[in-house]
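The file my_file.cif comes next; it holds mmCIF, C-alpha atoms.
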```cif
data_run
#
loop_
_atom_site.label_atom_id
_atom_site.label_comp_id
_atom_site.auth_asym_id
_atom_site.auth_seq_id
_atom_site.Cartn_x
_atom_site.Cartn_y
_atom_site.Cartn_z
CA ARG A 6 -58.54 -51.98 -202.29
CA GLU A 7 -54.89 -53.03 -202.58
CA GLY A 8 -53.72 -50.13 -204.71
CA MET A 9 -52.89 -52.31 -207.73
CA PHE A 10 -54.41 -49.82 -210.16
CA GLU A 11 -52.24 -50.77 -213.15
CA LEU A 12 -53.30 -54.40 -212.79
CA GLY A 13 -56.91 -53.24 -212.48
CA ASP A 14 -56.64 -51.16 -215.65
CA GLN A 15 -55.25 -54.14 -217.53
CA PHE A 16 -58.02 -56.38 -216.23
CA VAL A 17 -60.67 -53.84 -217.29
CA LYS A 18 -59.07 -53.57 -220.73
CA GLU A 19 -58.96 -57.31 -221.35
CA SER A 20 -62.39 -58.07 -219.88
CA GLN A 21 -63.99 -55.05 -221.57
CA VAL A 22 -65.86 -54.22 -218.37
CA GLU A 23 -66.91 -50.64 -217.80
CA ILE A 24 -65.87 -49.18 -214.42
CA ASP A 25 -67.26 -45.96 -212.99
CA THR A 26 -64.44 -43.40 -212.95
CA GLN A 27 -65.80 -41.88 -209.75
CA LEU A 28 -65.47 -45.24 -207.98
CA ILE A 29 -61.85 -45.50 -209.12
CA ASN A 30 -61.16 -42.05 -207.70
CA VAL A 31 -62.74 -43.04 -204.38
CA PHE A 32 -60.56 -46.13 -204.07
CA SER A 33 -57.51 -44.10 -205.08
CA GLU A 34 -58.22 -41.68 -202.23
CA LEU A 35 -58.76 -44.48 -199.72
CA HIS A 36 -55.54 -46.18 -200.81
CA ALA A 37 -53.62 -42.93 -200.31
CA ILE A 38 -55.08 -42.65 -196.80
CA THR A 39 -54.11 -46.23 -196.05
CA GLU A 40 -50.56 -45.56 -197.19
CA SER A 41 -50.46 -42.54 -194.87
CA LEU A 42 -51.54 -44.76 -191.98
CA ARG A 43 -48.78 -47.22 -192.85
CA SER A 44 -46.41 -44.23 -192.52
CA LYS A 45 -47.98 -43.61 -189.07
CA ASN A 46 -49.74 -40.42 -190.12
CA ILE A 47 -53.41 -40.12 -189.12
CA LEU A 48 -54.16 -36.63 -190.50
CA SER A 49 -55.67 -37.69 -193.84
CA ALA A 50 -57.70 -40.40 -192.11
CA LEU A 51 -59.10 -37.87 -189.64
CA ASN A 52 -60.04 -35.57 -192.53
CA TRP A 53 -61.91 -38.45 -194.15
CA VAL A 54 -63.69 -39.16 -190.85
CA GLU A 55 -64.80 -35.53 -190.60
CA ALA A 56 -66.13 -35.60 -194.16
CA ASN A 57 -68.12 -38.78 -193.46
CA ARG A 58 -69.05 -38.14 -189.82
CA THR A 59 -72.82 -38.46 -190.30
CA LYS A 60 -72.62 -41.91 -191.90
CA LEU A 61 -70.06 -43.09 -189.35
CA ASN A 62 -72.22 -41.92 -186.45
CA ASN A 63 -75.24 -43.70 -187.89
CA SER A 64 -73.30 -46.97 -187.86
CA ALA A 65 -71.87 -46.36 -184.35
CA SER A 66 -68.34 -46.44 -185.71
CA ASP A 67 -65.42 -45.91 -183.31
CA ILE A 68 -62.75 -45.41 -185.98
CA GLU A 69 -62.11 -41.82 -184.83
CA PHE A 70 -61.38 -43.02 -181.30
CA GLN A 71 -59.04 -45.70 -182.63
CA LEU A 72 -57.09 -43.13 -184.63
CA HIS A 73 -56.65 -40.79 -181.66
CA ARG A 74 -55.75 -43.71 -179.39
CA VAL A 75 -52.94 -44.92 -181.65
CA GLU A 76 -51.54 -41.38 -181.94
CA TYR A 77 -51.58 -41.02 -178.15
CA LEU A 78 -49.80 -44.35 -177.63
CA CYS A 79 -47.16 -43.45 -180.23
CA LEU A 80 -46.41 -40.24 -178.34
CA LEU A 81 -45.86 -42.26 -175.17
CA LEU A 82 -43.65 -44.76 -176.99
CA ARG A 83 -41.49 -41.87 -178.23
CA GLY A 84 -41.13 -40.64 -174.63
CA GLU A 85 -43.20 -37.49 -175.17
CA ARG A 86 -45.26 -37.81 -171.98
CA ASN A 87 -46.38 -34.17 -171.72
CA LYS A 88 -47.49 -34.09 -175.36
CA ALA A 89 -49.36 -37.34 -174.87
CA LEU A 90 -51.15 -35.95 -171.82
CA GLU A 91 -52.12 -32.77 -173.64
CA TYR A 92 -53.26 -34.80 -176.66
CA ALA A 93 -55.44 -36.98 -174.43
CA ARG A 94 -57.09 -33.95 -172.83
CA LYS A 95 -57.88 -32.42 -176.20
CA MET A 96 -58.67 -35.39 -178.43
CA LEU A 97 -59.63 -38.32 -176.18
CA SER A 98 -61.72 -36.61 -173.48
CA PRO A 99 -64.78 -36.25 -175.80
CA PHE A 100 -65.00 -40.07 -175.75
CA SER A 101 -65.27 -40.30 -171.94
CA LYS A 102 -68.89 -41.49 -172.04
CA SER A 103 -68.60 -44.04 -174.83
CA HIS A 104 -65.09 -45.41 -174.10
CA LEU A 105 -64.59 -44.94 -170.36
CA ARG A 106 -62.95 -48.32 -169.79
CA GLU A 107 -60.45 -47.83 -172.61
CA LEU A 108 -59.65 -44.30 -171.40
CA LYS A 109 -58.84 -45.63 -167.93
CA GLN A 110 -56.35 -48.05 -169.50
CA LEU A 111 -54.81 -45.29 -171.62
CA THR A 112 -54.45 -43.09 -168.55
CA GLY A 113 -52.73 -45.93 -166.72
CA CYS A 114 -50.18 -46.09 -169.52
CA LEU A 115 -48.79 -42.74 -168.30
CA LEU A 116 -47.36 -44.50 -165.25
CA TYR A 117 -45.27 -46.79 -167.45
CA GLN A 118 -43.93 -44.25 -169.91
CA GLY A 119 -40.63 -45.57 -171.27
CA ARG A 120 -41.42 -49.18 -170.42
CA LEU A 121 -44.86 -49.74 -171.90
CA PRO A 122 -43.91 -52.94 -173.81
CA ASN A 123 -43.13 -54.58 -170.44
CA SER A 124 -46.08 -53.14 -168.55
CA PRO A 125 -49.56 -54.50 -167.75
CA TYR A 126 -50.71 -52.52 -170.80
CA ALA A 127 -48.29 -54.18 -173.22
CA GLU A 128 -51.11 -55.51 -175.40
CA LEU A 129 -52.10 -51.92 -176.25
CA VAL A 130 -48.74 -51.32 -177.94
CA SER A 131 -48.29 -54.68 -179.67
CA GLU A 132 -46.70 -54.96 -183.10
CA SER A 133 -50.17 -55.09 -184.65
CA LEU A 134 -51.05 -51.62 -183.31
CA TRP A 135 -51.06 -49.84 -186.69
CA ASN A 136 -52.22 -52.89 -188.66
CA ASP A 137 -55.35 -53.07 -186.49
CA VAL A 138 -56.11 -49.41 -187.20
CA ILE A 139 -55.57 -49.87 -190.94
CA TYR A 140 -57.88 -52.89 -190.93
CA SER A 141 -60.58 -50.96 -189.04
CA PHE A 142 -60.29 -47.99 -191.39
CA SER A 143 -60.61 -50.25 -194.44
CA LYS A 144 -63.66 -51.92 -192.91
CA GLU A 145 -65.38 -48.63 -192.05
CA SER A 146 -64.59 -46.96 -195.38
CA CYS A 147 -66.06 -49.87 -197.33
CA ARG A 148 -69.11 -49.82 -195.10
CA VAL A 149 -69.64 -46.11 -195.82
CA LEU A 150 -69.40 -46.86 -199.55
CA GLY A 151 -71.76 -49.82 -199.27
CA LEU A 152 -69.07 -52.19 -200.54
CA PRO A 153 -67.68 -55.46 -199.15
CA GLN A 154 -64.34 -55.15 -197.40
CA GLU A 155 -62.84 -58.06 -199.31
CA SER A 156 -62.45 -57.82 -203.07
CA PRO A 157 -65.17 -59.88 -204.81
CA LEU A 158 -62.64 -60.84 -207.49
CA TYR A 159 -60.21 -62.07 -204.83
CA ILE A 160 -62.97 -64.12 -203.17
CA VAL A 161 -64.04 -65.72 -206.45
CA VAL A 162 -60.47 -66.59 -207.45
CA SER A 163 -59.71 -67.96 -203.96
CA ALA A 164 -62.85 -70.10 -203.98
CA GLY A 165 -61.96 -71.42 -207.42
CA THR A 166 -58.44 -72.24 -206.27
CA LYS A 167 -59.75 -74.22 -203.31
CA ALA A 168 -62.22 -76.06 -205.52
CA LEU A 169 -59.68 -76.83 -208.27
CA PRO A 170 -58.20 -80.06 -206.76
CA THR A 171 -61.67 -81.59 -206.37
CA MET A 172 -62.63 -80.55 -209.88
CA MET A 173 -59.46 -82.01 -211.38
CA LYS A 174 -59.97 -85.28 -209.53
CA ALA A 175 -63.59 -85.45 -210.70
CA SER A 176 -62.59 -84.81 -214.31
CA ARG A 177 -60.20 -87.80 -214.20
CA ILE A 178 -62.66 -90.31 -212.80
CA MET A 179 -65.81 -89.28 -214.66
CA SER A 180 -66.88 -91.24 -217.72
CA PRO A 181 -65.68 -89.99 -221.12
CA GLY A 182 -69.25 -89.13 -222.01
CA ILE A 183 -69.28 -86.30 -219.46
CA SER A 184 -66.27 -84.16 -220.15
CA ALA A 185 -65.08 -81.23 -218.08
CA PRO A 186 -65.73 -78.64 -220.83
CA ALA A 187 -69.38 -79.68 -220.82
CA TRP A 188 -69.72 -78.54 -217.20
CA GLY A 189 -69.96 -74.95 -218.36
CA ASN A 190 -73.26 -75.75 -220.07
CA THR A 191 -74.95 -76.92 -216.85
CA THR A 192 -76.50 -74.93 -213.99
CA GLN A 193 -74.67 -76.87 -211.31
CA LEU A 194 -71.40 -78.74 -210.86
CA PRO A 195 -71.40 -82.55 -211.03
CA VAL A 196 -69.60 -82.75 -207.65
CA GLU A 197 -70.11 -81.06 -204.31
CA ILE A 198 -67.46 -78.53 -203.30
CA GLU A 199 -66.98 -77.86 -199.58
CA LEU A 200 -65.80 -74.30 -198.87
CA ASP A 201 -64.79 -72.63 -195.61
CA LYS A 202 -67.18 -70.33 -193.75
CA GLY A 203 -65.21 -67.39 -195.11
CA PHE A 204 -66.80 -68.13 -198.49
CA GLN A 205 -70.34 -68.36 -197.13
CA PHE A 206 -72.45 -65.21 -197.29
CA HIS A 207 -75.79 -64.42 -195.73
CA SER A 208 -78.06 -62.36 -197.94
CA ILE A 209 -81.84 -62.03 -197.70
CA PHE A 210 -83.75 -65.03 -199.04
CA ALA A 211 -87.53 -65.05 -199.44
CA CYS A 212 -89.16 -68.47 -199.49
CA PRO A 213 -91.06 -68.92 -202.80
CA VAL A 214 -93.77 -70.92 -200.97
CA SER A 215 -94.47 -68.94 -197.79
CA ARG A 216 -93.06 -65.60 -199.04
CA ASP A 217 -91.36 -65.22 -195.64
CA GLU A 218 -87.79 -63.98 -195.33
CA SER A 219 -85.33 -66.50 -193.96
CA THR A 220 -84.05 -66.12 -190.39
CA GLU A 221 -81.67 -68.04 -188.13
CA GLU A 222 -84.66 -70.04 -186.86
CA ASN A 223 -86.11 -70.45 -190.35
CA PRO A 224 -83.04 -70.78 -192.64
CA PRO A 225 -83.06 -71.55 -196.38
CA MET A 226 -82.78 -75.26 -197.15
CA MET A 227 -81.80 -76.87 -200.44
CA LEU A 228 -83.75 -79.90 -201.61
CA PRO A 229 -81.94 -82.78 -203.37
CA CYS A 230 -83.48 -81.57 -206.63
CA GLY A 231 -81.71 -78.22 -206.22
CA HIS A 232 -84.68 -76.00 -205.37
CA VAL A 233 -84.55 -73.91 -202.20
CA LEU A 234 -87.29 -73.38 -199.60
CA CYS A 235 -87.34 -72.16 -196.02
CA LYS A 236 -87.20 -74.74 -193.25
CA ASN A 237 -90.75 -74.07 -191.99
CA SER A 238 -92.20 -74.64 -195.47
CA ILE A 239 -90.36 -77.95 -195.80
CA GLU A 240 -91.64 -79.12 -192.43
CA ARG A 241 -95.24 -78.42 -193.49
CA LEU A 242 -95.02 -80.16 -196.88
CA PRO A 243 -94.91 -83.89 -195.88
CA ARG A 244 -98.37 -83.83 -194.20
CA GLY A 245 -97.86 -87.12 -192.48
CA ASN A 246 -95.94 -88.80 -195.31
CA VAL A 247 -92.26 -89.66 -195.07
CA LYS A 248 -91.52 -88.01 -198.40
CA PHE A 249 -92.92 -84.94 -200.07
CA LYS A 250 -93.06 -83.66 -203.63
CA CYS A 251 -91.11 -80.54 -204.56
CA PRO A 252 -93.54 -77.66 -205.36
CA TYR A 253 -91.55 -76.85 -208.51
CA CYS A 254 -90.60 -80.23 -210.00
CA PRO A 255 -91.76 -83.89 -209.90
CA SER A 256 -88.98 -85.13 -207.61
CA GLU A 257 -89.76 -86.55 -204.19
CA GLN A 258 -87.56 -86.31 -201.11
CA ALA A 259 -87.60 -86.60 -197.34
CA PRO A 260 -87.04 -83.58 -195.04
CA THR A 261 -83.90 -85.25 -193.71
CA GLN A 262 -82.35 -85.05 -197.19
CA CYS A 263 -82.56 -81.24 -197.23
CA ARG A 264 -79.49 -79.22 -196.34
CA GLN A 265 -79.18 -75.74 -194.89
CA ILE A 266 -77.35 -73.38 -197.21
CA CYS A 267 -75.70 -69.97 -196.95
CA PHE A 268 -75.80 -67.32 -199.66
#
```
Would you give me this structure, written as structure tokens?
Amino acid sequence: REGMFELGDQFVKESQVEIDTQLINVFSELHAITESLRSKNILSALNWVEANRTKLNNSASDIEFQLHRVEYLCLLLRGERNKALEYARKMLSPFSKSHLRELKQLTGCLLYQGRLPNSPYAELVSESLWNDVIYSFSKESCRVLGLPQESPLYIVVSAGTKALPTMMKASRIMSPGISAPAWGNTTQLPVEIELDKGFQFHSIFACPVSRDESTEENPPMMLPCGHVLCKNSIERLPRGNVKFKCPYCPSEQAPTQCRQICF
């Protein structure tokens, strides 16, 4: 994702993990396209869009429009008004039905050629113009490949870094009988680690009791014993009692002790 292929090769070598060569080639191609976008060249990105048009259309992607829009705005910023107008007629007009509002704004930019940064359309030519396109391309390319946009390794390392202060503090105050190295032999940490929403992921969870998939109205809930059920199942378990017994272990708990979790 970041083009650090030498570092990746070293990591693969030391971890002895097998990586599909085809996947490496795909990321190499995408990195080359990203570098072209950083050089303000959209040609390779447009070629990639054409090669993946069917998948992009199925996901209602607008990356092609974004690429043509940034090229049009760059022509105006360079003072090439006639070229920009011709480019809009050829490349932007096919998006008249799906992006009419944006096209009206882009047309209005013609009136302020030479002074766009101080015009009512200044936000369209902000310093983040190309960065926004690069971000969108990265997002869409990963979606086409069925991969997360952020590197899983980066997410894991970042989460560990955020958790490290709490872990170090816990290791100092815990009794000598429970040492930090022993934590690796358990299925859960001895302390609770609060992470930002950026580290919370929503995958499909099927309740082991009701067999229903979790939803926003019926989210997965973790019992104090560590087992996870859907909210509706937990609400049915007490049957008039304040506490209920976990279906999978002898522990008893109240519904108010259960916490909603994110995968």
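The shortest atom-to-atom distance to Leu48 (chain A), with only C-alpha atoms taken into account, belongs to A:Leu72 out of A:Leu72, A:Met226, A:Cys251, A:Leu234.
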Nearby residues (all atoms listed in the file) at most 12 Å from Asn223 (chain A), same-chain spacing under 5 positions excluded, as a PyMOL selection string
chain A and resi 209-212+215+217-218+234-240+265-266
Ile160 (chain A): which residues within 12 Å, counting only C-alpha atoms, same-chain residues fewer than 4 positions away excluded, as number ranges by chain?
A: 153-156, 164-167, 200-201, 203-206
Since I can't run it myself right now, could you work out what the PyMOL selection byres ((chain A and resi 32) around 12) selects here and report it as an mmCIF file with C-alpha atoms, keeping the file's coordinate frame?
```
data_model
loop_
_atom_site.group_PDB
_atom_site.id
_atom_site.type_symbol
_atom_site.label_atom_id
_atom_site.label_comp_id
_atom_site.auth_asym_id
_atom_site.auth_seq_id
_atom_site.Cartn_x
_atom_site.Cartn_y
_atom_site.Cartn_z
ATOM 1 C CA ARG A 6 -58.540 -51.980 -202.290
ATOM 2 C CA GLU A 7 -54.890 -53.030 -202.580
ATOM 3 C CA GLY A 8 -53.720 -50.130 -204.710
ATOM 4 C CA MET A 9 -52.890 -52.310 -207.730
ATOM 5 C CA PHE A 10 -54.410 -49.820 -210.160
ATOM 6 C CA GLY A 13 -56.910 -53.240 -212.480
ATOM 7 C CA ASP A 25 -67.260 -45.960 -212.990
ATOM 8 C CA THR A 26 -64.440 -43.400 -212.950
ATOM 9 C CA GLN A 27 -65.800 -41.880 -209.750
ATOM 10 C CA LEU A 28 -65.470 -45.240 -207.980
ATOM 11 C CA ILE A 29 -61.850 -45.500 -209.120
ATOM 12 C CA ASN A 30 -61.160 -42.050 -207.700
ATOM 13 C CA VAL A 31 -62.740 -43.040 -204.380
ATOM 14 C CA SER A 33 -57.510 -44.100 -205.080
ATOM 15 C CA GLU A 34 -58.220 -41.680 -202.230
ATOM 16 C CA LEU A 35 -58.760 -44.480 -199.720
ATOM 17 C CA HIS A 36 -55.540 -46.180 -200.810
ATOM 18 C CA ALA A 37 -53.620 -42.930 -200.310
ATOM 19 C CA ILE A 38 -55.080 -42.650 -196.800
ATOM 20 C CA THR A 39 -54.110 -46.230 -196.050
ATOM 21 C CA SER A 143 -60.610 -50.250 -194.440
ATOM 22 C CA SER A 146 -64.590 -46.960 -195.380
ATOM 23 C CA CYS A 147 -66.060 -49.870 -197.330
ATOM 24 C CA LEU A 150 -69.400 -46.860 -199.550
ATOM 25 C CA LEU A 152 -69.070 -52.190 -200.540
ATOM 26 C CA GLN A 154 -64.340 -55.150 -197.400
ATOM 27 C CA SER A 156 -62.450 -57.820 -203.070
#
```
Skip region 53-60 of chain A itself and residues of its chain fewer than 5 positions away, then list as a PDB file with C-alpha atoms, in the frame of the given file all residues within 8 Å of it, counting only C-alpha atoms.
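Saved result, part_21.pdb, follows:
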```pdb
ATOM      1  CA  ILE A  68     -62.750 -45.410-185.980  1.00  0.00           C
ATOM      2  CA  GLU A  69     -62.110 -41.820-184.830  1.00  0.00           C
ATOM      3  CA  VAL A 149     -69.640 -46.110-195.820  1.00  0.00           C
TER       4      VAL A 149
END
```
With distances taken over only C-alpha atoms, which residue among A:Lys88, A:Arg74, A:Ser64, A:Asp137 lies nearest Gln110 (chain A)?
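Selected residue with least distance to Gln110 (chain A): A:Arg74.
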A:His73, A:Arg43, A:Arg83, A:Lys102: which is nearest Trp135 (chain A), counting all atoms listed in the file?
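Selected residue with least distance to Trp135 (chain A): A:Arg43.
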Proximity to Leu78 (chain A) - best of A:Thr171, A:Ser41, A:Gln118, A:Ser20, all atoms listed in the file
A:Gln118
Evaluate the PyMOL selection byres ((chain A and resi 264) around 9) against this structure - the residues, as a PDB file with C-alpha atoms, in the coordinates of the input, please.
```pdb
ATOM      1  CA  PRO A 225     -83.060 -71.550-196.380  1.00  0.00           C
ATOM      2  CA  MET A 226     -82.780 -75.260-197.150  1.00  0.00           C
ATOM      3  CA  MET A 227     -81.800 -76.870-200.440  1.00  0.00           C
ATOM      4  CA  LEU A 228     -83.750 -79.900-201.610  1.00  0.00           C
ATOM      5  CA  PRO A 229     -81.940 -82.780-203.370  1.00  0.00           C
ATOM      6  CA  PRO A 260     -87.040 -83.580-195.040  1.00  0.00           C
ATOM      7  CA  THR A 261     -83.900 -85.250-193.710  1.00  0.00           C
ATOM      8  CA  GLN A 262     -82.350 -85.050-197.190  1.00  0.00           C
ATOM      9  CA  CYS A 263     -82.560 -81.240-197.230  1.00  0.00           C
ATOM     10  CA  GLN A 265     -79.180 -75.740-194.890  1.00  0.00           C
ATOM     11  CA  ILE A 266     -77.350 -73.380-197.210  1.00  0.00           C
TER      12      ILE A 266
END
```
Kindly give the distance, in Å, that separates CA of Asn62 (chain A) and CA of Tyr126 (chain A), rounded to a single decimal.
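Computed distance, CA of Asn62 (chain A) to CA of Tyr126 (chain A), equals 28.6 Å.
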Residue neighbourhood Met96 (chain A), 12 Å, all atoms listed in the file, exclusion window fewer than 3 positions, as an MDAnalysis selection string:
chainID A and resid 51 69:77 88:93 99:101 108
Under the rule that all atoms listed in the file are counted, which of A:Ala50, A:Cys114, A:Leu242, A:Leu169 is the nearest residue to Leu82 (chain A)?
A:Cys114
What separates CA of Asn87 (chain A) and CA of Val130 (chain A) is a distance of 18.4 Å
How many Å lie between CA of Glu128 (chain A) and CA of Asn63 (chain A), rounded to one decimal?
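Interatomic distance, CA of Glu128 (chain A) to CA of Asn63 (chain A): 29.6 Å.
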Proximity to Ser141 (chain A) - best of A:Leu81, A:Leu42, A:Leu111, A:Ile198, only C-alpha atoms:
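Nearest candidate to Ser141 (chain A) out of A:Leu81, A:Leu42, A:Leu111, A:Ile198: A:Leu42.
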Enclosing box along x, y and z for every listed atom of region 17-27 of chain A, padded 3 Å each side, centre and size in Å, one decimal, as lines of an AutoDock Vina configuration file:
```
center_x = -63.1
center_y = -50.0
center_z = -215.7
size_x = 14.3
size_y = 22.2
size_z = 17.8
```
